[in-house]
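**Student:** What follows is query-v3.pdb, PDB, C-alpha atoms, pLDDT in the B column.
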ATOM      1  CA  MET A   1     123.636  91.308 123.928  1.00 94.00           C
ATOM      2  CA  LEU A   2     121.100  92.139 126.637  1.00 94.00           C
ATOM      3  CA  GLY A   3     119.123  95.286 125.848  1.00 91.00           C
ATOM      4  CA  GLY A   4     116.029  97.195 126.829  1.00 86.00           C
ATOM      5  CA  SER A   5     114.916  97.885 130.368  1.00 86.00           C
ATOM      6  CA  ARG A   6     116.797  94.869 131.760  1.00 88.00           C
ATOM      7  CA  ALA A   7     120.080  96.316 130.506  1.00 88.00           C
ATOM      8  CA  ASP A   8     119.535  99.825 131.834  1.00 85.00           C
ATOM      9  CA  VAL A   9     117.981  98.650 135.137  1.00 84.00           C
ATOM     10  CA  THR A  10     114.577 100.265 134.604  1.00 83.00           C
ATOM     11  CA  ALA A  11     112.606  97.025 134.252  1.00 84.00           C
ATOM     12  CA  ARG A  12     109.318  96.344 136.010  1.00 86.00           C
ATOM     13  CA  PRO A  13     108.681  92.878 137.476  1.00 86.00           C
ATOM     14  CA  ASP A  14     106.560  92.015 134.416  1.00 85.00           C
ATOM     15  CA  SER A  15     109.038  93.362 131.855  1.00 87.00           C
ATOM     16  CA  ASP A  16     110.191  90.974 129.180  1.00 90.00           C
ATOM     17  CA  TRP A  17     113.809  90.231 128.321  1.00 94.00           C
ATOM     18  CA  ASP A  18     115.313  91.771 125.180  1.00 94.00           C
ATOM     19  CA  LEU A  19     118.211  89.972 123.518  1.00 95.00           C
ATOM     20  CA  GLY A  20     120.136  91.132 120.459  1.00 94.00           C
ATOM     21  CA  VAL A  21     121.829  88.705 118.079  1.00 95.00           C
ATOM     22  CA  TYR A  22     124.434  90.478 115.940  1.00 95.00           C
ATOM     23  CA  TYR A  23     125.900  89.012 112.773  1.00 94.00           C
ATOM     24  CA  ARG A  24     127.808  90.259 109.735  1.00 93.00           C
ATOM     25  CA  GLY A  25     125.813  89.890 106.541  1.00 91.00           C
ATOM     26  CA  PRO A  26     122.707  87.728 105.974  1.00 89.00           C
ATOM     27  CA  ALA A  27     124.810  84.804 104.810  1.00 91.00           C
ATOM     28  CA  SER A  28     126.385  84.486 108.273  1.00 94.00           C
ATOM     29  CA  PHE A  29     123.161  83.935 110.236  1.00 94.00           C
ATOM     30  CA  ASP A  30     120.091  81.744 109.776  1.00 96.00           C
ATOM     31  CA  PRO A  31     117.046  82.408 112.012  1.00 97.00           C
ATOM     32  CA  ALA A  32     116.416  78.663 111.927  1.00 96.00           C
ATOM     33  CA  ALA A  33     119.120  78.411 114.597  1.00 95.00           C
ATOM     34  CA  VAL A  34     116.768  80.262 116.953  1.00 96.00           C
ATOM     35  CA  ARG A  35     113.707  78.323 115.793  1.00 96.00           C
ATOM     36  CA  ASP A  36     115.499  75.023 116.361  1.00 97.00           C
ATOM     37  CA  LEU A  37     115.914  75.842 120.064  1.00 96.00           C
ATOM     38  CA  GLY A  38     112.318  74.674 120.352  1.00 96.00           C
ATOM     39  CA  HIS A  39     110.832  77.472 122.449  1.00 97.00           C
ATOM     40  CA  ALA A  40     107.195  78.423 121.975  1.00 97.00           C
ATOM     41  CA  GLY A  41     106.651  81.558 119.933  1.00 97.00           C
ATOM     42  CA  TYR A  42     107.366  83.092 116.562  1.00 98.00           C
ATOM     43  CA  VAL A  43     110.686  83.479 114.713  1.00 98.00           C
ATOM     44  CA  SER A  44     110.820  85.795 111.700  1.00 97.00           C
ATOM     45  CA  ALA A  45     112.874  85.676 108.549  1.00 96.00           C
ATOM     46  CA  LEU A  46     115.631  88.260 108.048  1.00 94.00           C
ATOM     47  CA  GLY A  47     114.173  91.500 106.752  1.00 91.00           C
ATOM     48  CA  GLU A  48     110.613  90.528 107.669  1.00 93.00           C
ATOM     49  CA  TRP A  49     110.030  93.208 110.287  1.00 91.00           C
ATOM     50  CA  GLY A  50     111.321  96.242 108.427  1.00 87.00           C
ATOM     51  CA  PRO A  51     114.471  98.174 107.600  1.00 89.00           C
ATOM     52  CA  ILE A  52     115.394  99.113 111.187  1.00 89.00           C
ATOM     53  CA  VAL A  53     114.099  96.092 113.097  1.00 84.00           C
ATOM     54  CA  ASP A  54     115.593  93.548 110.714  1.00 86.00           C
ATOM     55  CA  GLY A  55     113.792  90.606 112.270  1.00 93.00           C
ATOM     56  CA  GLY A  56     113.637  88.627 115.457  1.00 96.00           C
ATOM     57  CA  ALA A  57     111.576  86.366 117.640  1.00 97.00           C
ATOM     58  CA  TRP A  58     108.880  86.497 120.306  1.00 97.00           C
ATOM     59  CA  LEU A  59     109.499  83.534 122.568  1.00 97.00           C
ATOM     60  CA  THR A  60     108.362  82.106 125.873  1.00 97.00           C
ATOM     61  CA  VAL A  61     111.255  80.450 127.706  1.00 95.00           C
ATOM     62  CA  ASP A  62     110.357  78.624 130.925  1.00 93.00           C
ATOM     63  CA  GLY A  63     107.340  80.873 131.322  1.00 93.00           C
ATOM     64  CA  THR A  64     109.348  84.066 130.692  1.00 93.00           C
ATOM     65  CA  ALA A  65     108.721  86.413 127.746  1.00 95.00           C
ATOM     66  CA  VAL A  66     111.908  86.832 125.703  1.00 96.00           C
ATOM     67  CA  ASP A  67     112.174  89.100 122.662  1.00 95.00           C
ATOM     68  CA  VAL A  68     115.080  88.516 120.288  1.00 96.00           C
ATOM     69  CA  LEU A  69     116.189  91.108 117.738  1.00 95.00           C
ATOM     70  CA  PHE A  70     118.373  90.264 114.746  1.00 96.00           C
ATOM     71  CA  ARG A  71     120.936  92.934 113.815  1.00 94.00           C
ATOM     72  CA  ASP A  72     123.309  93.019 110.835  1.00 95.00           C
ATOM     73  CA  LEU A  73     126.408  94.640 112.348  1.00 94.00           C
ATOM     74  CA  ASP A  74     127.679  95.760 108.935  1.00 95.00           C
ATOM     75  CA  VAL A  75     124.486  97.782 108.461  1.00 95.00           C
ATOM     76  CA  VAL A  76     124.517  99.175 112.007  1.00 95.00           C
ATOM     77  CA  GLU A  77     128.151 100.261 111.702  1.00 96.00           C
ATOM     78  CA  GLY A  78     127.227 102.091 108.479  1.00 97.00           C
ATOM     79  CA  TRP A  79     124.507 103.947 110.376  1.00 97.00           C
ATOM     80  CA  LEU A  80     127.048 104.699 113.110  1.00 97.00           C
ATOM     81  CA  ALA A  81     129.345 106.296 110.534  1.00 98.00           C
ATOM     82  CA  ASP A  82     126.414 108.384 109.285  1.00 98.00           C
ATOM     83  CA  ALA A  83     125.560 109.503 112.829  1.00 98.00           C
ATOM     84  CA  GLU A  84     129.156 110.506 113.492  1.00 98.00           C
ATOM     85  CA  ALA A  85     128.945 112.686 110.385  1.00 98.00           C
ATOM     86  CA  GLY A  86     125.674 114.226 111.601  1.00 98.00           C
ATOM     87  CA  ARG A  87     123.550 112.326 109.079  1.00 98.00           C
ATOM     88  CA  TYR A  88     120.556 110.038 109.525  1.00 98.00           C
ATOM     89  CA  ALA A  89     117.438 108.930 107.696  1.00 98.00           C
ATOM     90  CA  VAL A  90     114.003 108.327 109.168  1.00 97.00           C
ATOM     91  CA  LEU A  91     112.562 105.087 107.818  1.00 96.00           C
ATOM     92  CA  ASP A  92     109.060 103.625 107.931  1.00 93.00           C
ATOM     93  CA  GLN A  93     109.018 100.897 110.544  1.00 90.00           C
ATOM     94  CA  ASN A  94     106.214  98.803 111.991  1.00 87.00           C
ATOM     95  CA  GLY A  95     105.249 100.027 115.449  1.00 89.00           C
ATOM     96  CA  TYR A  96     106.706 103.540 115.025  1.00 94.00           C
ATOM     97  CA  LEU A  97     104.387 106.500 114.610  1.00 97.00           C
ATOM     98  CA  VAL A  98     106.899 109.049 113.275  1.00 98.00           C
ATOM     99  CA  GLY A  99     109.311 106.557 111.753  1.00 96.00           C
ATOM    100  CA  ALA A 100     112.576 105.175 113.045  1.00 96.00           C
ATOM    101  CA  PRO A 101     115.800 107.180 112.676  1.00 98.00           C
ATOM    102  CA  THR A 102     118.730 105.083 111.545  1.00 97.00           C
ATOM    103  CA  TYR A 103     120.669 105.973 114.692  1.00 97.00           C
ATOM    104  CA  LEU A 104     118.279 103.936 116.898  1.00 96.00           C
ATOM    105  CA  PRO A 105     120.220 100.670 116.489  1.00 95.00           C
ATOM    106  CA  VAL A 106     123.404 102.628 117.240  1.00 96.00           C
ATOM    107  CA  GLY A 107     121.831 103.666 120.543  1.00 94.00           C
ATOM    108  CA  GLU A 108     121.078 100.039 121.266  1.00 93.00           C
ATOM    109  CA  LEU A 109     124.771  99.239 120.981  1.00 92.00           C
ATOM    110  CA  ALA A 110     125.591 102.101 123.321  1.00 92.00           C
ATOM    111  CA  GLY A 111     123.335 100.843 126.096  1.00 89.00           C
ATOM    112  CA  CYS A 112     123.328  97.059 125.822  1.00 91.00           C
ATOM    113  CA  ARG A 113     125.245  94.561 127.955  1.00 93.00           C
ATOM    114  CA  HIS A 114     127.561  91.983 126.444  1.00 92.00           C
ATOM    115  CA  LEU A 115     126.514  88.375 127.077  1.00 94.00           C
ATOM    116  CA  GLY A 116     128.723  86.403 124.723  1.00 93.00           C
ATOM    117  CA  GLY A 117     130.554  86.322 121.422  1.00 92.00           C
ATOM    118  CA  ALA A 118     132.772  89.060 120.045  1.00 89.00           C
ATOM    119  CA  GLU A 119     132.857  92.447 121.724  1.00 89.00           C
ATOM    120  CA  LEU A 120     130.843  95.104 119.898  1.00 92.00           C
ATOM    121  CA  PRO A 121     131.250  98.883 119.525  1.00 89.00           C
ATOM    122  CA  ARG A 122     129.922 101.022 122.405  1.00 91.00           C
ATOM    123  CA  PRO A 123     129.506 104.394 120.705  1.00 95.00           C
ATOM    124  CA  ALA A 124     129.201 107.714 122.498  1.00 96.00           C
ATOM    125  CA  PHE A 125     126.575 110.140 121.218  1.00 97.00           C
ATOM    126  CA  PRO A 126     128.168 111.955 118.253  1.00 98.00           C
ATOM    127  CA  GLU A 127     128.660 115.698 118.604  1.00 98.00           C
ATOM    128  CA  ARG A 128     127.722 116.336 114.988  1.00 98.00           C
ATOM    129  CA  LEU A 129     124.462 114.433 115.388  1.00 98.00           C
ATOM    130  CA  ALA A 130     123.650 116.539 118.455  1.00 98.00           C
ATOM    131  CA  ALA A 131     124.184 119.616 116.290  1.00 98.00           C
ATOM    132  CA  THR A 132     122.054 118.569 113.309  1.00 98.00           C
ATOM    133  CA  ALA A 133     119.236 116.403 114.656  1.00 98.00           C
ATOM    134  CA  PRO A 134     117.356 118.743 117.063  1.00 98.00           C
ATOM    135  CA  GLY A 135     116.558 121.305 114.369  1.00 98.00           C
ATOM    136  CA  ARG A 136     115.373 118.659 111.934  1.00 98.00           C
ATOM    137  CA  TRP A 137     113.083 117.086 114.518  1.00 98.00           C
ATOM    138  CA  GLU A 138     111.690 120.453 115.619  1.00 98.00           C
ATOM    139  CA  GLY A 139     111.013 121.282 111.984  1.00 98.00           C
ATOM    140  CA  ARG A 140     108.993 118.101 111.592  1.00 98.00           C
ATOM    141  CA  ALA A 141     107.083 118.922 114.776  1.00 98.00           C
ATOM    142  CA  SER A 142     106.195 122.387 113.473  1.00 98.00           C
ATOM    143  CA  VAL A 143     104.943 120.940 110.196  1.00 98.00           C
ATOM    144  CA  ALA A 144     102.825 118.411 112.098  1.00 98.00           C
ATOM    145  CA  LEU A 145     101.298 121.257 114.112  1.00 98.00           C
ATOM    146  CA  LEU A 146     100.507 123.058 110.852  1.00 98.00           C
ATOM    147  CA  PHE A 147      98.570 120.063 109.556  1.00 98.00           C
ATOM    148  CA  ALA A 148      96.919 119.552 112.948  1.00 98.00           C
ATOM    149  CA  GLU A 149      95.526 123.079 112.716  1.00 98.00           C
ATOM    150  CA  GLY A 150      94.010 122.329 109.321  1.00 97.00           C
ATOM    151  CA  HIS A 151      92.410 119.100 110.517  1.00 98.00           C
ATOM    152  CA  ALA A 152      91.103 120.896 113.594  1.00 98.00           C
ATOM    153  CA  ARG A 153      89.346 123.543 111.488  1.00 98.00           C
ATOM    154  CA  SER A 154      87.587 120.819 109.507  1.00 97.00           C
ATOM    155  CA  GLY A 155      86.596 118.934 112.679  1.00 97.00           C
ATOM    156  CA  ASP A 156      88.609 115.818 111.776  1.00 98.00           C
ATOM    157  CA  ALA A 157      89.431 114.492 115.243  1.00 97.00           C
ATOM    158  CA  VAL A 158      91.341 111.410 114.088  1.00 97.00           C
ATOM    159  CA  ALA A 159      93.710 113.218 111.725  1.00 98.00           C
ATOM    160  CA  CYS A 160      94.169 116.124 114.153  1.00 98.00           C
ATOM    161  CA  ALA A 161      95.019 113.850 117.083  1.00 98.00           C
ATOM    162  CA  GLY A 162      97.404 111.850 114.903  1.00 98.00           C
ATOM    163  CA  MET A 163      99.278 114.962 113.842  1.00 98.00           C
ATOM    164  CA  LEU A 164      99.452 116.186 117.428  1.00 98.00           C
ATOM    165  CA  ALA A 165     100.900 112.866 118.563  1.00 98.00           C
ATOM    166  CA  ALA A 166     103.446 113.084 115.757  1.00 98.00           C
ATOM    167  CA  ALA A 167     104.367 116.619 116.780  1.00 98.00           C
ATOM    168  CA  ALA A 168     104.895 115.540 120.382  1.00 98.00           C
ATOM    169  CA  LEU A 169     107.083 112.578 119.432  1.00 98.00           C
ATOM    170  CA  CYS A 170     109.180 114.672 117.033  1.00 98.00           C
ATOM    171  CA  ALA A 171     109.649 117.303 119.730  1.00 98.00           C
ATOM    172  CA  ALA A 172     110.714 114.564 122.133  1.00 98.00           C
ATOM    173  CA  HIS A 173     113.313 113.307 119.649  1.00 98.00           C
ATOM    174  CA  ALA A 174     114.582 116.868 119.336  1.00 98.00           C
ATOM    175  CA  ARG A 175     115.034 117.205 123.084  1.00 98.00           C
ATOM    176  CA  LEU A 176     116.816 113.899 123.501  1.00 98.00           C
ATOM    177  CA  THR A 177     119.257 114.528 120.672  1.00 98.00           C
ATOM    178  CA  ALA A 178     119.981 118.004 122.023  1.00 98.00           C
ATOM    179  CA  ARG A 179     120.816 116.384 125.375  1.00 98.00           C
ATOM    180  CA  ARG A 180     122.967 113.758 123.606  1.00 98.00           C
ATOM    181  CA  GLU A 181     120.738 110.936 124.783  1.00 97.00           C
ATOM    182  CA  TRP A 182     120.022 107.892 122.658  1.00 96.00           C
ATOM    183  CA  ALA A 183     116.453 106.855 121.865  1.00 94.00           C
ATOM    184  CA  ARG A 184     115.865 103.158 121.180  1.00 90.00           C
ATOM    185  CA  ASN A 185     112.170 103.395 120.277  1.00 92.00           C
ATOM    186  CA  GLU A 186     109.100 105.499 121.018  1.00 95.00           C
ATOM    187  CA  LYS A 187     108.291 103.821 124.338  1.00 91.00           C
ATOM    188  CA  ARG A 188     108.228 106.384 127.168  1.00 93.00           C
ATOM    189  CA  LEU A 189     109.821 108.887 124.783  1.00 97.00           C
ATOM    190  CA  ILE A 190     107.460 111.668 125.855  1.00 98.00           C
ATOM    191  CA  ALA A 191     108.221 111.128 129.542  1.00 97.00           C
ATOM    192  CA  ARG A 192     111.980 110.929 128.964  1.00 96.00           C
ATOM    193  CA  ALA A 193     111.878 114.231 127.133  1.00 98.00           C
ATOM    194  CA  GLY A 194     109.967 115.925 129.955  1.00 98.00           C
ATOM    195  CA  LEU A 195     106.918 116.580 127.764  1.00 98.00           C
ATOM    196  CA  GLY A 196     104.316 114.922 129.948  1.00 97.00           C
ATOM    197  CA  ALA A 197     102.265 118.129 129.912  1.00 97.00           C
ATOM    198  CA  VAL A 198     100.891 117.106 126.492  1.00 97.00           C
ATOM    199  CA  GLN A 199      99.323 113.910 127.824  1.00 97.00           C
ATOM    200  CA  PRO A 200      96.044 115.405 129.180  1.00 97.00           C
ATOM    201  CA  SER A 201      95.401 117.254 125.906  1.00 97.00           C
ATOM    202  CA  LEU A 202      96.019 114.186 123.764  1.00 97.00           C
ATOM    203  CA  ALA A 203      93.962 112.000 126.083  1.00 96.00           C
ATOM    204  CA  ARG A 204      90.884 114.120 125.253  1.00 96.00           C
ATOM    205  CA  PRO A 205      91.541 116.095 122.066  1.00 97.00           C
ATOM    206  CA  GLY A 206      87.871 116.999 121.539  1.00 97.00           C
ATOM    207  CA  ALA A 207      85.269 116.403 118.873  1.00 95.00           C
ATOM    208  CA  THR A 208      84.299 119.816 117.504  1.00 97.00           C
ATOM    209  CA  ALA A 209      86.394 122.219 115.463  1.00 98.00           C
ATOM    210  CA  ALA A 210      86.550 124.637 118.375  1.00 98.00           C
ATOM    211  CA  GLU A 211      87.656 121.966 120.834  1.00 98.00           C
ATOM    212  CA  LEU A 212      90.289 120.599 118.475  1.00 98.00           C
ATOM    213  CA  THR A 213      91.636 124.073 117.720  1.00 98.00           C
ATOM    214  CA  ALA A 214      92.016 124.723 121.444  1.00 98.00           C
ATOM    215  CA  THR A 215      93.838 121.413 121.840  1.00 98.00           C
ATOM    216  CA  VAL A 216      96.275 122.252 119.041  1.00 98.00           C
ATOM    217  CA  ALA A 217      97.102 125.515 120.774  1.00 98.00           C
ATOM    218  CA  ALA A 218      97.557 123.765 124.125  1.00 98.00           C
ATOM    219  CA  VAL A 219      99.869 121.129 122.657  1.00 98.00           C
ATOM    220  CA  GLY A 220     101.945 123.746 120.870  1.00 98.00           C
ATOM    221  CA  THR A 221     102.345 125.647 124.130  1.00 98.00           C
ATOM    222  CA  ALA A 222     103.327 122.481 126.017  1.00 98.00           C
ATOM    223  CA  LEU A 223     105.920 121.650 123.362  1.00 98.00           C
ATOM    224  CA  GLY A 224     107.234 125.204 123.222  1.00 97.00           C
ATOM    225  CA  LEU A 225     106.782 125.203 119.444  1.00 97.00           C
ATOM    226  CA  GLU A 226     104.671 127.027 116.902  1.00 97.00           C
ATOM    227  CA  ALA A 227     103.062 125.643 113.789  1.00 97.00           C
ATOM    228  CA  LEU A 228     104.949 126.376 110.578  1.00 96.00           C
ATOM    229  CA  ARG A 229     103.557 129.458 108.827  1.00 92.00           C
ATOM    230  CA  VAL A 230     103.570 129.105 105.059  1.00 85.00           C
ATOM    231  CA  ARG A 231     101.311 132.036 104.123  1.00 79.00           C
TER
END
As structure tokens - that is how I would like this structure written.

**Tutor:**
Amino acid sequence: MLGGSRADVTARPDSDWDLGVYYRGPASFDPAAVRDLGHAGYVSALGEWGPIVDGGAWLTVDGTAVDVLFRDLDVVEGWLADAEAGRYAVLDQNGYLVGAPTYLPVGELAGCRHLGGAELPRPAFPERLAATAPGRWEGRASVALLFAEGHARSGDAVACAGMLAAAALCAAHARLTARREWARNEKRLIARAGLGAVQPSLARPGATAAELTATVAAVGTALGLEALRVR
């Protein structure tokens, strides 16, 4: 399957090519088949890159950057069934700040283009997921704002900025799921959600407690959310 910006016609001239290789069960696919093609780059083992991004390859083919993702269709179809029931988990995944929800690979199936092999499911965004996910994501954003406030008071710029970034990304996930739009990763997630107003604040969060506290308030306003109040 062809995925990413090349599939949805948003690619820049320098964008790489994203290919998905789907298989059923680890016994049915050996990454050595990709390695044996002889292209320059790196090919991972299955499971090497994390629970969501099962594995893949970074290759250069005739001077063109090509990323290959390995996907176990049995696993993805299980996550599809969860999404249709309004369920999902958020798993730790390399390269993701707030974690990767298990419906991300389902969204890949929805937007990719078939290049060869068996036809794959093309799921619509589940109504029950649209009902359950926004509130969960907004809740996580509010908790992140709560912790950002605490870090701001102590003048911890790194921890405060990290929590603010997490709040913004969680709020973006909430907006996309409410609009029944798939997210594939965190790239351009803020822009897609229409939350670009947080960018100036996060670009310069400040160094003192007063500056950081003001930034937390500005980000909360831009997100339209308040920090969770526990006392």

**Student:** Identify which of the residues A:Leu169, A:Met163, A:Ala178, A:Val143 lies closest to A:Glu127, counting all atoms listed in the file when measuring atom-to-atom distances.

**Tutor:**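 Using all atoms listed in the file, the shortest distance to A:Glu127 belongs to A:Ala178.
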
**Student:** Pick from A:Ala214, A:Leu2, A:Ala183, A:Leu120: nearest to A:Asp67, with all atoms listed in the file counted?

**Tutor:**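 Counting all atoms listed in the file, the residue closest to A:Asp67 is A:Leu2.
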
**Student:** Can you work out which one of A:Pro205, A:Trp58, A:Trp137, A:Ala152 has the shortest atom-to-atom distance to A:Arg175, counting only C-alpha atoms?

**Tutor:** A:Trp137

**Student:** Within 12 Å of A:Gly3, counting all atoms listed in the file, which residues show up once you throw out same-chain ones fewer than 5 positions away? Write them as a PDB file with C-alpha atoms, keeping the file's coordinate frame, please.

**Tutor:**
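See out15.pdb below for the written result:
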ATOM      1  CA  ASP A   8     119.535  99.825 131.834  1.00 85.00           C
ATOM      2  CA  VAL A   9     117.981  98.650 135.137  1.00 84.00           C
ATOM      3  CA  THR A  10     114.577 100.265 134.604  1.00 83.00           C
ATOM      4  CA  ALA A  11     112.606  97.025 134.252  1.00 84.00           C
ATOM      5  CA  SER A  15     109.038  93.362 131.855  1.00 87.00           C
ATOM      6  CA  ASP A  16     110.191  90.974 129.180  1.00 90.00           C
ATOM      7  CA  TRP A  17     113.809  90.231 128.321  1.00 94.00           C
ATOM      8  CA  ASP A  18     115.313  91.771 125.180  1.00 94.00           C
ATOM      9  CA  LEU A  19     118.211  89.972 123.518  1.00 95.00           C
ATOM     10  CA  GLY A  20     120.136  91.132 120.459  1.00 94.00           C
ATOM     11  CA  VAL A  21     121.829  88.705 118.079  1.00 95.00           C
ATOM     12  CA  VAL A  66     111.908  86.832 125.703  1.00 96.00           C
ATOM     13  CA  ASP A  67     112.174  89.100 122.662  1.00 95.00           C
ATOM     14  CA  VAL A  68     115.080  88.516 120.288  1.00 96.00           C
ATOM     15  CA  LEU A  69     116.189  91.108 117.738  1.00 95.00           C
ATOM     16  CA  PRO A 105     120.220 100.670 116.489  1.00 95.00           C
ATOM     17  CA  GLY A 107     121.831 103.666 120.543  1.00 94.00           C
ATOM     18  CA  GLU A 108     121.078 100.039 121.266  1.00 93.00           C
ATOM     19  CA  LEU A 109     124.771  99.239 120.981  1.00 92.00           C
ATOM     20  CA  ALA A 110     125.591 102.101 123.321  1.00 92.00           C
ATOM     21  CA  GLY A 111     123.335 100.843 126.096  1.00 89.00           C
ATOM     22  CA  CYS A 112     123.328  97.059 125.822  1.00 91.00           C
ATOM     23  CA  ARG A 113     125.245  94.561 127.955  1.00 93.00           C
ATOM     24  CA  HIS A 114     127.561  91.983 126.444  1.00 92.00           C
ATOM     25  CA  LEU A 115     126.514  88.375 127.077  1.00 94.00           C
ATOM     26  CA  ARG A 184     115.865 103.158 121.180  1.00 90.00           C
TER      27      ARG A 184
END

**Student:** Take atom CA of A:Leu37 and atom CA of A:Thr64 and report the distance between them in Å, one decimal.

**Tutor:**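 Interatomic distance here is 15.0 Å.
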
**Student:** Please work out which residues fall within 12 Å of (109.8, 108.1, 123.2), coordinates as given in the file, with all atoms listed in the file counting, and return them as a short mmCIF file (atom, residue, chain, number, x, y, z; two decimals) with C-alpha atoms, in the coordinates of the input.

**Tutor:**
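And here's selection36.cif as it stands now:
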data_model
loop_
_atom_site.label_atom_id
_atom_site.label_comp_id
_atom_site.auth_asym_id
_atom_site.auth_seq_id
_atom_site.Cartn_x
_atom_site.Cartn_y
_atom_site.Cartn_z
CA TYR A 96 106.71 103.54 115.02
CA LEU A 97 104.39 106.50 114.61
CA VAL A 98 106.90 109.05 113.28
CA GLY A 99 109.31 106.56 111.75
CA ALA A 100 112.58 105.18 113.04
CA LEU A 104 118.28 103.94 116.90
CA ALA A 165 100.90 112.87 118.56
CA ALA A 166 103.45 113.08 115.76
CA ALA A 167 104.37 116.62 116.78
CA ALA A 168 104.90 115.54 120.38
CA LEU A 169 107.08 112.58 119.43
CA CYS A 170 109.18 114.67 117.03
CA ALA A 171 109.65 117.30 119.73
CA ALA A 172 110.71 114.56 122.13
CA HIS A 173 113.31 113.31 119.65
CA ALA A 174 114.58 116.87 119.34
CA ARG A 175 115.03 117.20 123.08
CA LEU A 176 116.82 113.90 123.50
CA THR A 177 119.26 114.53 120.67
CA GLU A 181 120.74 110.94 124.78
CA TRP A 182 120.02 107.89 122.66
CA ALA A 183 116.45 106.86 121.86
CA ARG A 184 115.86 103.16 121.18
CA ASN A 185 112.17 103.40 120.28
CA GLU A 186 109.10 105.50 121.02
CA LYS A 187 108.29 103.82 124.34
CA ARG A 188 108.23 106.38 127.17
CA LEU A 189 109.82 108.89 124.78
CA ILE A 190 107.46 111.67 125.86
CA ALA A 191 108.22 111.13 129.54
CA ARG A 192 111.98 110.93 128.96
CA ALA A 193 111.88 114.23 127.13
CA GLY A 194 109.97 115.92 129.96
CA LEU A 195 106.92 116.58 127.76
CA GLY A 196 104.32 114.92 129.95
#

**Student:** Which distance in Å separates atom CA of A:Leu46 and atom CA of A:Gly63, to one decimal?

**Tutor:**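 Separating atom CA of A:Leu46 from atom CA of A:Gly63 is a distance of 25.8 Å.
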
**Student:** Can you tell me, as a PyMOL selection string, what residues are no more than 12 Å from stretch 72-84 of chain A when counting all atoms listed in the file, ignoring any on the same chain fewer than 5 positions away?

**Tutor:** chain A and resi 20-30+46-47+51-56+89-90+101-110+118-133+177+180+182

**Student:** Leaving out stretch 222-225 of chain A and any residue of its chain fewer than 3 positions from it, which residues lie within 6 Å of it when counting all atoms listed in the file, given as a PyMOL selection string?

**Tutor:** chain A and resi 197-198+219

**Student:** Determine the nearest neighbour of A:Ala227 from the options A:Val158, A:Ala141, A:Ala207, A:Leu202, counting all atoms listed in the file.

**Tutor:** A:Ala141

**Student:** Would you please work out which residue, of A:Ala210, A:Leu228, A:Ala40, A:Ala159, is nearest to A:Leu146 when using all atoms listed in the file?

**Tutor:**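 The shortest atom-to-atom distance to A:Leu146 comes from A:Leu228.
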
**Student:** Mind telling me what the PyMOL selection byres ((chain A and resi 94) around 8) catches here, as a PyMOL selection string?

**Tutor:** chain A and resi 49-50+92-93+95-96

**Student:** To box stretch 9-17 of chain A, take all atoms listed in the file, fit an axis-aligned box, add 3 Å on each side, and give centre and edge lengths in Å to one decimal, as lines of an AutoDock Vina configuration file.

**Tutor:**
center_x = 112.3
center_y = 95.2
center_z = 132.9
size_x = 17.4
size_y = 16.0
size_z = 15.2

**Student:** Have stretch 126-137 of chain A completed to N, CA and C atoms, please, and pass it along as a tab-separated table (two decimals), in the frame of the given file.

**Tutor:**
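So the final result, stored in selection-v4.tsv, reads:
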chain	number	residue	atom	x	y	z
A	126	PRO	N	127.30	111.10	119.09
A	126	PRO	CA	128.17	111.96	118.25
A	126	PRO	C	127.83	113.44	118.39
A	127	GLU	N	128.85	114.26	118.49
A	127	GLU	CA	128.66	115.70	118.60
A	127	GLU	C	127.97	116.27	117.37
A	128	ARG	N	128.31	115.78	116.20
A	128	ARG	CA	127.72	116.34	114.99
A	128	ARG	C	126.25	115.96	114.87
A	129	LEU	N	125.88	114.80	115.37
A	129	LEU	CA	124.46	114.43	115.39
A	129	LEU	C	123.69	115.33	116.34
A	130	ALA	N	124.30	115.64	117.49
A	130	ALA	CA	123.65	116.54	118.46
A	130	ALA	C	123.47	117.93	117.88
A	131	ALA	N	124.29	118.29	116.91
A	131	ALA	CA	124.18	119.62	116.29
A	131	ALA	C	123.14	119.66	115.19
A	132	THR	N	122.94	118.55	114.47
A	132	THR	CA	122.05	118.57	113.31
A	132	THR	C	120.65	118.06	113.60
A	133	ALA	N	120.53	117.09	114.49
A	133	ALA	CA	119.24	116.40	114.66
A	133	ALA	C	118.16	117.26	115.32
A	134	PRO	N	118.45	118.02	116.39
A	134	PRO	CA	117.36	118.74	117.06
A	134	PRO	C	116.57	119.66	116.13
A	135	GLY	N	117.25	120.41	115.28
A	135	GLY	CA	116.56	121.30	114.37
A	135	GLY	C	115.69	120.57	113.38
A	136	ARG	N	116.18	119.45	112.88
A	136	ARG	CA	115.37	118.66	111.93
A	136	ARG	C	114.11	118.14	112.60
A	137	TRP	N	114.26	117.63	113.82
A	137	TRP	CA	113.08	117.09	114.52
A	137	TRP	C	112.10	118.20	114.87
